[in-house]
file protein-v1.pdb (PDB, C-alpha atoms)
ATOM      1  CA  MET R   1       0.180 -51.567 -37.238
ATOM      2  CA  GLU R   2       0.623 -50.536 -40.866
ATOM      3  CA  GLY R   3       2.772 -47.522 -41.697
ATOM      4  CA  VAL R   4       2.234 -45.746 -44.996
ATOM      5  CA  LYS R   5       4.051 -42.831 -46.538
ATOM      6  CA  ILE R   6       2.242 -39.861 -48.048
ATOM      7  CA  VAL R   7       3.656 -36.806 -49.811
ATOM      8  CA  ILE R   8       2.060 -33.378 -49.828
ATOM      9  CA  VAL R   9       2.984 -31.324 -52.885
ATOM     10  CA  GLY R  10       1.917 -28.082 -54.523
ATOM     11  CA  GLY R  11       3.229 -24.660 -55.430
ATOM     12  CA  PHE R  12       5.099 -22.140 -53.350
ATOM     13  CA  GLY R  13       3.164 -20.835 -50.333
ATOM     14  CA  VAL R  14       0.083 -22.999 -50.845
ATOM     15  CA  GLY R  15      -0.041 -24.362 -47.274
ATOM     16  CA  LYS R  16       1.912 -27.640 -47.309
ATOM     17  CA  THR R  17       3.889 -26.903 -44.136
ATOM     18  CA  THR R  18       0.720 -25.631 -42.467
ATOM     19  CA  MET R  19      -1.102 -28.890 -43.210
ATOM     20  CA  VAL R  20       1.688 -31.117 -41.836
ATOM     21  CA  ARG R  21       1.771 -28.970 -38.682
ATOM     22  CA  SER R  22      -1.993 -29.081 -38.243
ATOM     23  CA  VAL R  23      -2.280 -32.860 -38.256
ATOM     24  CA  SER R  24       1.008 -34.147 -36.865
ATOM     25  CA  GLU R  25       0.865 -35.879 -33.481
ATOM     26  CA  ILE R  26       4.643 -35.546 -33.023
ATOM     27  CA  ARG R  27       6.615 -32.321 -33.159
ATOM     28  CA  PRO R  28       6.925 -31.781 -36.912
ATOM     29  CA  LEU R  29      10.317 -31.509 -38.551
ATOM     30  CA  ASN R  30      10.846 -27.850 -39.321
ATOM     31  CA  THR R  31      13.078 -26.823 -42.215
ATOM     32  CA  GLU R  32      11.608 -23.391 -42.749
ATOM     33  CA  GLU R  33      13.983 -20.524 -43.381
ATOM     34  CA  THR R  34      13.466 -16.804 -43.471
ATOM     35  CA  MET R  35      12.848 -15.558 -46.986
ATOM     36  CA  THR R  36      15.771 -13.269 -47.761
ATOM     37  CA  GLN R  37      16.315 -10.404 -50.162
ATOM     38  CA  ALA R  38      18.183 -12.826 -52.452
ATOM     39  CA  SER R  39      14.861 -14.437 -53.389
ATOM     40  CA  VAL R  40      13.037 -11.224 -54.317
ATOM     41  CA  GLY R  41      11.975 -11.697 -57.940
ATOM     42  CA  VAL R  42      12.598 -15.458 -57.723
ATOM     43  CA  ASP R  43      10.052 -16.609 -55.151
ATOM     44  CA  GLN R  44       6.894 -14.739 -56.140
ATOM     45  CA  ASN R  45       4.682 -14.251 -53.132
ATOM     46  CA  ALA R  46       1.876 -12.396 -54.912
ATOM     47  CA  GLY R  47      -1.315 -13.100 -53.000
ATOM     48  CA  VAL R  48       0.617 -14.202 -49.914
ATOM     49  CA  ALA R  49       2.576 -11.001 -49.315
ATOM     50  CA  ASN R  50       2.854 -11.588 -45.570
ATOM     51  CA  LYS R  51       4.627 -14.927 -46.063
ATOM     52  CA  ALA R  52       8.004 -14.614 -44.318
ATOM     53  CA  MET R  53       9.260 -18.208 -44.093
ATOM     54  CA  THR R  54       9.726 -20.943 -46.669
ATOM     55  CA  THR R  55      10.571 -24.675 -46.547
ATOM     56  CA  VAL R  56      14.037 -25.469 -47.937
ATOM     57  CA  ALA R  57      14.254 -29.244 -47.314
ATOM     58  CA  PHE R  58      10.998 -30.988 -46.412
ATOM     59  CA  ASP R  59       8.347 -31.188 -43.701
ATOM     60  CA  PHE R  60       7.806 -34.365 -41.775
ATOM     61  CA  GLY R  61       5.015 -35.354 -39.425
ATOM     62  CA  ARG R  62       3.087 -38.420 -38.287
ATOM     63  CA  ILE R  63      -0.576 -39.148 -37.645
ATOM     64  CA  SER R  64      -2.302 -42.351 -36.554
ATOM     65  CA  LEU R  65      -5.619 -42.676 -38.384
ATOM     66  CA  ASN R  66      -6.716 -45.567 -36.157
ATOM     67  CA  GLU R  67      -5.095 -48.410 -34.200
ATOM     68  CA  HIS R  68      -4.171 -50.127 -37.472
ATOM     69  CA  MET R  69      -2.793 -47.367 -39.635
ATOM     70  CA  VAL R  70      -0.180 -44.681 -39.116
ATOM     71  CA  LEU R  71       0.615 -42.133 -41.824
ATOM     72  CA  TYR R  72       4.083 -40.674 -42.324
ATOM     73  CA  LEU R  73       3.688 -37.286 -43.961
ATOM     74  CA  PHE R  74       6.346 -35.688 -46.104
ATOM     75  CA  GLY R  75       5.768 -32.133 -47.303
ATOM     76  CA  ALA R  76       7.754 -31.266 -50.422
ATOM     77  CA  PRO R  77       9.306 -27.825 -50.885
ATOM     78  CA  GLY R  78       7.423 -25.705 -53.432
ATOM     79  CA  GLN R  79      10.126 -23.812 -55.309
ATOM     80  CA  GLU R  80      11.602 -25.110 -58.502
ATOM     81  CA  ARG R  81      15.166 -25.041 -57.185
ATOM     82  CA  PHE R  82      14.296 -27.783 -54.678
ATOM     83  CA  ARG R  83      12.664 -30.132 -57.212
ATOM     84  CA  PHE R  84      15.695 -32.432 -57.055
ATOM     85  CA  LEU R  85      14.314 -33.566 -53.686
ATOM     86  CA  TRP R  86      10.970 -34.661 -55.096
ATOM     87  CA  ASP R  87      12.037 -37.975 -56.614
ATOM     88  CA  ARG R  88      13.471 -39.132 -53.317
ATOM     89  CA  LEU R  89      10.406 -38.008 -51.419
ATOM     90  CA  PHE R  90       8.113 -39.967 -53.737
ATOM     91  CA  ALA R  91       9.999 -43.247 -53.213
ATOM     92  CA  GLY R  92       7.707 -45.728 -51.475
ATOM     93  CA  THR R  93       4.650 -43.473 -51.195
ATOM     94  CA  ILE R  94       1.119 -44.831 -51.524
ATOM     95  CA  GLY R  95       0.024 -41.495 -52.957
ATOM     96  CA  ALA R  96       0.130 -37.729 -52.861
ATOM     97  CA  VAL R  97      -2.034 -34.771 -51.925
ATOM     98  CA  VAL R  98      -1.786 -31.827 -54.323
ATOM     99  CA  LEU R  99      -2.671 -28.627 -52.500
ATOM    100  CA  VAL R 100      -4.085 -25.855 -54.673
ATOM    101  CA  ASP R 101      -4.444 -22.159 -53.959
ATOM    102  CA  MET R 102      -6.942 -20.640 -56.404
ATOM    103  CA  ARG R 103      -5.093 -17.313 -56.376
ATOM    104  CA  ARG R 104      -2.119 -19.049 -58.017
ATOM    105  CA  VAL R 105      -3.592 -22.132 -59.604
ATOM    106  CA  GLU R 106      -0.816 -22.437 -62.223
ATOM    107  CA  ASP R 107       1.654 -23.306 -59.441
ATOM    108  CA  SER R 108      -0.056 -26.711 -59.132
ATOM    109  CA  TRP R 109       0.246 -27.745 -62.765
ATOM    110  CA  HIS R 110       3.788 -28.994 -62.430
ATOM    111  CA  ALA R 111       2.910 -31.242 -59.489
ATOM    112  CA  ILE R 112      -0.136 -32.686 -61.263
ATOM    113  CA  ASP R 113       1.833 -33.346 -64.475
ATOM    114  CA  LEU R 114       4.575 -35.061 -62.543
ATOM    115  CA  LEU R 115       2.194 -37.320 -60.600
ATOM    116  CA  GLU R 116       0.283 -38.255 -63.747
ATOM    117  CA  SER R 117       3.491 -39.165 -65.571
ATOM    118  CA  ARG R 118       4.739 -41.220 -62.614
ATOM    119  CA  GLY R 119       1.402 -42.985 -62.226
ATOM    120  CA  THR R 120       1.309 -42.070 -58.521
ATOM    121  CA  PRO R 121      -2.238 -42.047 -57.057
ATOM    122  CA  PHE R 122      -3.202 -38.531 -55.964
ATOM    123  CA  ILE R 123      -6.085 -36.330 -54.929
ATOM    124  CA  VAL R 124      -6.381 -32.557 -55.187
ATOM    125  CA  ALA R 125      -7.383 -30.443 -52.200
ATOM    126  CA  ARG R 126      -8.263 -26.784 -52.565
ATOM    127  CA  ASN R 127      -6.903 -24.961 -49.550
ATOM    128  CA  ASN R 128      -9.267 -22.177 -48.554
ATOM    129  CA  PHE R 129      -7.197 -19.683 -46.608
ATOM    130  CA  ILE R 130      -9.855 -17.286 -47.901
ATOM    131  CA  ALA R 131     -13.491 -18.084 -48.701
ATOM    132  CA  PRO R 132     -13.679 -19.679 -52.171
ATOM    133  CA  ARG R 133     -15.244 -17.705 -55.017
ATOM    134  CA  TYR R 134     -15.629 -20.563 -57.480
ATOM    135  CA  GLY R 135     -17.217 -23.984 -57.352
ATOM    136  CA  LEU R 136     -15.135 -27.159 -57.421
ATOM    137  CA  ALA R 137     -16.327 -27.849 -60.979
ATOM    138  CA  ASP R 138     -14.571 -24.647 -62.079
ATOM    139  CA  VAL R 139     -11.437 -25.760 -60.273
ATOM    140  CA  ARG R 140     -11.535 -29.111 -62.039
ATOM    141  CA  GLU R 141     -11.797 -27.331 -65.365
ATOM    142  CA  ALA R 142      -8.985 -24.861 -64.563
ATOM    143  CA  LEU R 143      -6.714 -27.772 -63.671
ATOM    144  CA  THR R 144      -7.964 -29.934 -66.604
ATOM    145  CA  LEU R 145      -8.320 -32.664 -64.030
ATOM    146  CA  SER R 146      -9.830 -35.985 -65.085
ATOM    147  CA  GLU R 147     -13.055 -37.117 -63.379
ATOM    148  CA  GLU R 148     -11.274 -40.024 -61.718
ATOM    149  CA  VAL R 149      -9.140 -37.755 -59.550
ATOM    150  CA  PRO R 150     -10.950 -36.796 -56.325
ATOM    151  CA  LEU R 151     -11.144 -33.039 -55.697
ATOM    152  CA  ILE R 152     -12.121 -31.669 -52.292
ATOM    153  CA  ASP R 153     -12.105 -28.475 -50.229
ATOM    154  CA  CYS R 154     -10.037 -28.091 -47.085
ATOM    155  CA  ASP R 155      -8.577 -25.648 -44.599
ATOM    156  CA  ALA R 156      -4.939 -26.612 -44.013
ATOM    157  CA  ARG R 157      -4.959 -24.743 -40.689
ATOM    158  CA  ASP R 158      -7.656 -27.036 -39.335
ATOM    159  CA  ARG R 159      -6.651 -30.425 -37.958
ATOM    160  CA  GLU R 160      -9.928 -32.213 -38.672
ATOM    161  CA  SER R 161     -10.218 -30.778 -42.175
ATOM    162  CA  SER R 162      -6.628 -31.787 -43.004
ATOM    163  CA  LYS R 163      -7.239 -35.259 -41.582
ATOM    164  CA  GLN R 164     -10.242 -35.683 -43.899
ATOM    165  CA  VAL R 165      -7.956 -34.895 -46.851
ATOM    166  CA  LEU R 166      -5.550 -37.643 -45.793
ATOM    167  CA  ILE R 167      -8.382 -40.129 -45.307
ATOM    168  CA  ALA R 168      -9.687 -39.269 -48.789
ATOM    169  CA  LEU R 169      -6.255 -39.991 -50.253
ATOM    170  CA  VAL R 170      -5.865 -43.311 -48.436
ATOM    171  CA  SER R 171      -9.352 -44.389 -49.625
ATOM    172  CA  HIS R 172      -8.560 -43.352 -53.202
ATOM    173  CA  ALA R 173      -5.209 -45.173 -53.238
ATOM    174  CA  HIS R 174      -6.883 -48.238 -51.742
ATOM    175  CA  ALA R 175      -9.693 -48.187 -54.324
ATOM    176  CA  LEU R 176      -7.149 -47.875 -57.157
ATOM    177  CA  SER R 177      -5.047 -50.763 -55.921
ATOM    178  CA  SER R 178      -8.169 -52.946 -55.421
ATOM    179  CA  ALA R 179      -9.292 -52.112 -58.968
ATOM    180  CA  ARG R 180      -5.859 -53.009 -60.299
ATOM    181  CA  GLY R 181      -5.919 -56.246 -58.331
ATOM    182  CA  ALA R 182      -9.349 -57.107 -59.781
ATOM    183  CA  MET R 183      -8.145 -56.477 -63.343
ATOM    184  CA  SER R 184      -5.051 -58.670 -63.120
TER
ATOM    185  CA  MET C 185      27.628  -2.923 -54.239
ATOM    186  CA  SER C 186      29.457  -4.378 -57.241
ATOM    187  CA  THR C 187      32.749  -3.434 -55.619
ATOM    188  CA  THR C 188      31.803  -5.303 -52.463
ATOM    189  CA  SER C 189      30.665  -8.273 -54.490
ATOM    190  CA  ALA C 190      33.924  -8.278 -56.501
ATOM    191  CA  ASN C 191      35.899  -8.169 -53.254
ATOM    192  CA  LEU C 192      33.917 -11.105 -51.873
ATOM    193  CA  ASP C 193      34.545 -13.057 -55.063
ATOM    194  CA  TRP C 194      38.236 -12.368 -54.663
ATOM    195  CA  LEU C 195      38.214 -13.518 -51.033
ATOM    196  CA  LEU C 196      36.479 -16.754 -52.018
ATOM    197  CA  GLU C 197      39.017 -17.332 -54.828
ATOM    198  CA  ASN C 198      41.786 -16.685 -52.333
ATOM    199  CA  LEU C 199      40.316 -19.213 -49.883
ATOM    200  CA  VAL C 200      40.204 -21.911 -52.573
ATOM    201  CA  ASP C 201      43.665 -21.069 -53.995
ATOM    202  CA  SER C 202      45.415 -21.034 -50.646
ATOM    203  CA  THR C 203      43.784 -24.147 -49.156
ATOM    204  CA  ALA C 204      45.028 -27.531 -50.356
ATOM    205  CA  GLY C 205      42.178 -29.683 -51.665
ATOM    206  CA  ALA C 206      39.568 -26.907 -51.805
ATOM    207  CA  VAL C 207      37.946 -26.714 -55.246
ATOM    208  CA  HIS C 208      34.924 -24.389 -55.139
ATOM    209  CA  ALA C 209      33.483 -21.893 -52.661
ATOM    210  CA  LEU C 210      30.007 -20.370 -52.607
ATOM    211  CA  VAL C 211      28.045 -18.005 -50.387
ATOM    212  CA  LEU C 212      24.305 -18.666 -50.375
ATOM    213  CA  SER C 213      21.217 -17.211 -48.758
ATOM    214  CA  ARG C 214      19.466 -19.351 -46.143
ATOM    215  CA  ASP C 215      16.515 -19.725 -48.498
ATOM    216  CA  GLY C 216      18.723 -21.398 -51.096
ATOM    217  CA  LEU C 217      19.979 -18.867 -53.649
ATOM    218  CA  LYS C 218      23.578 -18.132 -54.589
ATOM    219  CA  LEU C 219      25.051 -14.779 -53.548
ATOM    220  CA  CYS C 220      28.613 -15.132 -54.882
ATOM    221  CA  HIS C 221      30.975 -17.949 -55.807
ATOM    222  CA  THR C 222      34.349 -18.829 -57.260
ATOM    223  CA  SER C 223      34.659 -18.544 -61.036
ATOM    224  CA  GLN C 224      35.364 -22.231 -61.736
ATOM    225  CA  LEU C 225      31.899 -23.136 -60.489
ATOM    226  CA  SER C 226      29.400 -22.778 -63.368
ATOM    227  CA  VAL C 227      26.208 -20.786 -62.838
ATOM    228  CA  ASP C 228      24.066 -23.941 -63.107
ATOM    229  CA  LYS C 229      26.198 -25.806 -60.579
ATOM    230  CA  ALA C 230      26.194 -22.771 -58.271
ATOM    231  CA  ASP C 231      22.380 -22.674 -58.361
ATOM    232  CA  GLN C 232      22.217 -26.391 -57.543
ATOM    233  CA  LEU C 233      24.773 -26.159 -54.770
ATOM    234  CA  ALA C 234      22.953 -23.199 -53.197
ATOM    235  CA  ALA C 235      19.673 -25.150 -53.009
ATOM    236  CA  ILE C 236      21.376 -28.322 -51.738
ATOM    237  CA  ALA C 237      23.399 -26.496 -49.072
ATOM    238  CA  ALA C 238      20.321 -24.627 -47.797
ATOM    239  CA  GLY C 239      18.489 -27.961 -47.457
ATOM    240  CA  VAL C 240      21.399 -29.639 -45.659
ATOM    241  CA  GLN C 241      21.714 -26.739 -43.228
ATOM    242  CA  ALA C 242      17.981 -26.682 -42.512
ATOM    243  CA  LEU C 243      17.980 -30.415 -41.709
ATOM    244  CA  SER C 244      21.127 -30.008 -39.592
ATOM    245  CA  GLN C 245      19.435 -27.189 -37.712
ATOM    246  CA  SER C 246      16.534 -29.533 -36.934
ATOM    247  CA  ALA C 247      18.992 -32.173 -35.697
ATOM    248  CA  SER C 248      20.511 -29.522 -33.439
ATOM    249  CA  VAL C 249      17.109 -28.489 -32.083
ATOM    250  CA  GLU C 250      15.970 -32.068 -31.430
ATOM    251  CA  PHE C 251      19.223 -33.595 -30.190
ATOM    252  CA  GLY C 252      21.577 -30.750 -29.255
ATOM    253  CA  ASP C 253      21.900 -29.112 -25.850
ATOM    254  CA  GLY C 254      19.927 -26.057 -26.855
ATOM    255  CA  THR C 255      22.823 -23.609 -26.546
ATOM    256  CA  GLY C 256      23.120 -22.829 -30.241
ATOM    257  CA  GLY C 257      22.641 -23.787 -33.850
ATOM    258  CA  VAL C 258      24.847 -25.637 -36.306
ATOM    259  CA  ARG C 259      28.624 -25.153 -36.216
ATOM    260  CA  GLN C 260      29.352 -27.037 -39.410
ATOM    261  CA  SER C 261      27.815 -29.606 -41.736
ATOM    262  CA  MET C 262      30.140 -31.969 -43.545
ATOM    263  CA  THR C 263      29.289 -34.573 -46.179
ATOM    264  CA  GLU C 264      31.794 -37.107 -47.490
ATOM    265  CA  PHE C 265      30.984 -38.672 -50.837
ATOM    266  CA  TYR C 266      32.986 -40.597 -53.414
ATOM    267  CA  GLY C 267      35.164 -38.031 -55.121
ATOM    268  CA  GLY C 268      34.756 -35.168 -52.704
ATOM    269  CA  LEU C 269      33.677 -33.401 -49.560
ATOM    270  CA  LEU C 270      31.119 -30.687 -48.882
ATOM    271  CA  PHE C 271      31.480 -28.286 -45.947
ATOM    272  CA  ILE C 272      28.901 -25.708 -44.907
ATOM    273  CA  VAL C 273      29.135 -23.155 -42.088
ATOM    274  CA  GLU C 274      26.952 -20.246 -41.055
ATOM    275  CA  ALA C 275      28.235 -16.962 -42.433
ATOM    276  CA  GLY C 276      26.655 -13.578 -41.734
ATOM    277  CA  VAL C 277      22.969 -12.922 -41.084
ATOM    278  CA  GLY C 278      20.811 -15.035 -43.408
ATOM    279  CA  ALA C 279      23.740 -16.637 -45.262
ATOM    280  CA  HIS C 280      25.915 -19.772 -45.352
ATOM    281  CA  LEU C 281      29.387 -20.430 -46.746
ATOM    282  CA  ALA C 282      29.859 -23.711 -48.652
ATOM    283  CA  VAL C 283      33.157 -25.233 -49.814
ATOM    284  CA  LEU C 284      33.576 -28.240 -52.088
ATOM    285  CA  ALA C 285      36.880 -30.098 -51.754
ATOM    286  CA  ASP C 286      38.453 -33.153 -53.338
ATOM    287  CA  ASP C 287      39.027 -36.188 -51.147
ATOM    288  CA  THR C 288      42.687 -35.413 -50.526
ATOM    289  CA  ALA C 289      41.642 -32.377 -48.462
ATOM    290  CA  ASP C 290      42.532 -31.962 -44.808
ATOM    291  CA  VAL C 291      39.132 -31.767 -43.108
ATOM    292  CA  GLY C 292      40.420 -29.812 -40.114
ATOM    293  CA  LEU C 293      42.248 -27.292 -42.258
ATOM    294  CA  ILE C 294      39.270 -26.561 -44.513
ATOM    295  CA  GLY C 295      36.998 -26.049 -41.525
ATOM    296  CA  HIS C 296      39.560 -23.783 -39.937
ATOM    297  CA  ARG C 297      39.992 -21.660 -43.073
ATOM    298  CA  MET C 298      36.225 -21.305 -43.466
ATOM    299  CA  ASP C 299      35.844 -20.178 -39.846
ATOM    300  CA  GLU C 300      38.653 -17.688 -40.382
ATOM    301  CA  LEU C 301      36.966 -16.197 -43.426
ATOM    302  CA  VAL C 302      33.611 -15.900 -41.672
ATOM    303  CA  GLU C 303      35.312 -14.240 -38.698
ATOM    304  CA  GLN C 304      37.012 -11.712 -40.969
ATOM    305  CA  ILE C 305      34.171 -10.807 -43.268
ATOM    306  CA  GLY C 306      31.029 -12.504 -41.948
ATOM    307  CA  ALA C 307      29.488  -9.042 -41.608
ATOM    308  CA  PHE C 308      29.490  -8.798 -45.425
ATOM    309  CA  LEU C 309      28.293 -12.343 -46.119
ATOM    310  CA  THR C 310      24.646 -11.603 -45.454
ATOM    311  CA  SER C 311      21.217 -11.869 -46.992
ATOM    312  CA  PRO C 312      18.846  -9.933 -44.768
ATOM    313  CA  PRO C 313      15.149 -10.807 -44.480
ATOM    314  CA  ARG C 314      12.819  -9.241 -47.001
ATOM    315  CA  PRO C 315      11.311  -5.983 -45.866
ATOM    316  CA  SER C 316       7.852  -6.726 -44.519
ATOM    317  CA  LEU C 317       5.272  -5.428 -46.943
ATOM    318  CA  PRO C 318       2.155  -3.653 -45.798
ATOM    319  CA  SER C 319      -0.678  -6.134 -46.160
ATOM    320  CA  HIS C 320      -3.102  -5.274 -48.933
ATOM    321  CA  SER C 321      -6.487  -4.138 -47.778
ATOM    322  CA  PRO C 322      -9.318  -5.967 -49.504
ATOM    323  CA  GLU C 323     -10.846  -3.973 -52.345
TER
END

call {"tool": "encode", "arguments": {"input": "protein-v1.pdb", "output": "structure tokens"}}
result
Amino acid sequence: MEGVKIVIVGGFGVGKTTMVRSVSEIRPLNTEETMTQASVGVDQNAGVANKAMTTVAFDFGRISLNEHMVLYLFGAPGQERFRFLWDRLFAGTIGAVVLVDMRRVEDSWHAIDLLESRGTPFIVARNNFIAPRYGLADVREALTLSEEVPLIDCDARDRESSKQVLIALVSHAHALSSARGAMS
Amino acid sequence: MSTTSANLDWLLENLVDSTAGAVHALVLSRDGLKLCHTSQLSVDKADQLAAIAAGVQALSQSASVEFGDGTGGVRQSMTEFYGGLLFIVEAGVGAHLAVLADDTADVGLIGHRMDELVEQIGAFLTSPPRPSLPSHSPE
């Protein structure tokens, strides 16, 4: 049985905790806290006005893809003040999922920049809490994402849809490492 | 409000001054933002400590849920590192009290003084939930 570590990143309120909860086969670690009046003006919830809770450490869950592979999922916190946790979370990962909410696409730029500079394999998944208005080609352009990075649609609330995102990441990371192996 | 905040600052200063080994004190919201702190702690350090302490408390809460007896939450989190100690306790609604101490500090005494302060003024050390906004109707 092979265990691999995966990180789910993205901006504030994009659905990272939701995705870990949807797919985890164990009770997920819950470090959500009530959003308090102290964060008014700091944590902008435009577009997700009914969001009442926010992750302040990290999410953790586990899913077995088959009898050979089990994924350990770490969901990073979205707000800038918790970025100091990111480096530790990335240690030992095979890759990352960047979740994008098209209502606040700029929230994802930081995550994408960071992954590109670290050379960590990643895919981008557009989380459709609401029906999408634009095609994926528009999303790729808005994110100035290179053609090599897979970009897919998902619904983080749906277990099967979230699982497909994780499978896409594992395949992408595997293809990259095979390509690197072939070059050397 | 500023009067209350000034009084809280004074109480935190008093806690640090009157407790051997205590260096800084900070009150933070559960979602990781500083509410008030002692003056020797810089604004940047206060912001960092608020985020760290919220994370520690959230993980401790999960430990309590998974491995505790289910009768309550977290009494205290304590971290010992080279050069110091970090203590965090629940304060009023939505808030935590954090104290940084040097490694000469008496662990029992610091915990006791923090509990005392929360007992006295926990009602003021709060960060209530945001008011729930009416959801926007689609245009």

call {"tool": "closest_atom_pairs", "arguments": {"input": "protein-v1.pdb", "of": "chain C", "to": "chain R", "cutoff": "12 Å", "atoms": "all atoms listed in the file", "output": "Markdown table"}}
result
| residue | atom | partner | partner_atom | distance |
| --- | --- | --- | --- | --- |
| C:Val211 | CA | R:Ala38 | CA | 11.3 |
| C:Leu212 | CA | R:Ala38 | CA | 8.7 |
| C:Ser213 | CA | R:Ala38 | CA | 6.5 |
| C:Arg214 | CA | R:Glu33 | CA | 6.3 |
| C:Asp215 | CA | R:Met35 | CA | 5.8 |
| C:Gly216 | CA | R:Val56 | CA | 7.0 |
| C:Leu217 | CA | R:Ala38 | CA | 6.4 |
| C:Lys218 | CA | R:Ala38 | CA | 7.9 |
| C:Leu219 | CA | R:Ala38 | CA | 7.2 |
| C:Cys220 | CA | R:Ala38 | CA | 11.0 |
| C:Asp228 | CA | R:Arg81 | CA | 10.7 |
| C:Lys229 | CA | R:Arg81 | CA | 11.6 |
| C:Ala230 | CA | R:Arg81 | CA | 11.3 |
| C:Asp231 | CA | R:Arg81 | CA | 7.7 |
| C:Gln232 | CA | R:Arg81 | CA | 7.2 |
| C:Leu233 | CA | R:Arg81 | CA | 10.0 |
| C:Ala234 | CA | R:Arg81 | CA | 8.9 |
| C:Ala235 | CA | R:Arg81 | CA | 6.1 |
| C:Ile236 | CA | R:Phe82 | CA | 7.7 |
| C:Ala237 | CA | R:Val56 | CA | 9.5 |
| C:Ala238 | CA | R:Val56 | CA | 6.3 |
| C:Gly239 | CA | R:Ala57 | CA | 4.4 |
| C:Val240 | CA | R:Ala57 | CA | 7.3 |
| C:Gln241 | CA | R:Thr31 | CA | 8.7 |
| C:Ala242 | CA | R:Thr31 | CA | 4.9 |
| C:Leu243 | CA | R:Thr31 | CA | 6.1 |
| C:Ser244 | CA | R:Thr31 | CA | 9.0 |
| C:Gln245 | CA | R:Thr31 | CA | 7.8 |
| C:Ser246 | CA | R:Asn30 | CA | 6.4 |
| C:Ala247 | CA | R:Leu29 | CA | 9.2 |
| C:Ser248 | CA | R:Asn30 | CA | 11.4 |
| C:Val249 | CA | R:Asn30 | CA | 9.6 |
| C:Glu250 | CA | R:Leu29 | CA | 9.1 |
| C:Val277 | CA | R:Thr36 | CA | 9.8 |
| C:Gly278 | CA | R:Thr36 | CA | 6.9 |
| C:Ala279 | CA | R:Thr36 | CA | 9.0 |
| C:Leu309 | CA | R:Ala38 | CA | 11.9 |
| C:Thr310 | CA | R:Thr36 | CA | 9.3 |
| C:Ser311 | CA | R:Thr36 | CA | 5.7 |
| C:Pro312 | CA | R:Thr36 | CA | 5.4 |
| C:Pro313 | CA | R:Thr36 | CA | 4.1 |
| C:Arg314 | CA | R:Gln37 | CA | 4.9 |
| C:Pro315 | CA | R:Gln37 | CA | 7.9 |
| C:Ser316 | CA | R:Asn50 | CA | 7.1 |
| C:Leu317 | CA | R:Ala49 | CA | 6.6 |
| C:Pro318 | CA | R:Asn50 | CA | 8.0 |
| C:Ser319 | CA | R:Asn50 | CA | 6.5 |
| C:His320 | CA | R:Ala49 | CA | 8.1 |
| C:Ser321 | CA | R:Ala49 | CA | 11.5 |
| C:Pro322 | CA | R:Gly47 | CA | 11.3 |

call {"tool": "closest_residue", "arguments": {"input": "protein-v1.pdb", "among": "C:Gln304, C:Thr203, C:Ser223, C:Ser189", "to": "Val291 in chain C", "atoms": "only C-alpha atoms"}}
result
C:Thr203

call {"tool": "residues_near_point", "arguments": {"input": "protein-v1.pdb", "point": "(-12.8, -32.4, -48.3)", "cutoff": "7 Å", "atoms": "all atoms listed in the file", "output": "VMD selection string"}}
result
chain R and resid 125 152 to 154 161 164 to 165

call {"tool": "closest_atom_pairs", "arguments": {"input": "protein-v1.pdb", "of": "range 281-318 of chain C", "to": "range 193-199 of chain C", "cutoff": "8 Å", "atoms": "all atoms listed in the file", "output": "CSV"}}
result
residue,atom,partner,partner_atom,distance
C:Arg297,CA,C:Leu199,CA,7.2
C:Met298,CA,C:Leu199,CA,7.9
C:Leu301,CA,C:Leu199,CA,7.9

call {"tool": "axis_aligned_box", "arguments": {"input": "protein-v1.pdb", "around": "range 235-249 of chain C", "padding_each_side": "5 Å", "output": "AutoDock Vina command-line options"}}
result
--center_x 20.0 --center_y -28.4 --center_z -42.5 --size_x 16.9 --size_y 17.5 --size_z 30.9

call {"tool": "decode", "arguments": {"input": "protein-v1.pdb", "residues": "range 27-41 of chain R", "atoms": "C-alpha atoms", "output": "tab-separated table (two decimals), in the first residue's frame"}}
result
chain	number	residue	atom	x	y	z
R	27	ARG	CA	-13.69	11.73	10.17
R	28	PRO	CA	-11.85	14.78	8.84
R	29	LEU	CA	-9.78	16.94	11.14
R	30	ASN	CA	-11.79	20.08	11.77
R	31	THR	CA	-10.02	23.33	12.59
R	32	GLU	CA	-12.79	25.66	11.52
R	33	GLU	CA	-13.58	28.62	13.74
R	34	THR	CA	-16.43	31.06	13.75
R	35	MET	CA	-15.60	34.20	11.81
R	36	THR	CA	-15.66	37.00	14.36
R	37	GLN	CA	-16.18	40.74	14.16
R	38	ALA	CA	-12.39	41.16	14.46
R	39	SER	CA	-12.02	39.90	10.88
R	40	VAL	CA	-14.55	42.27	9.30
R	41	GLY	CA	-12.59	44.21	6.67
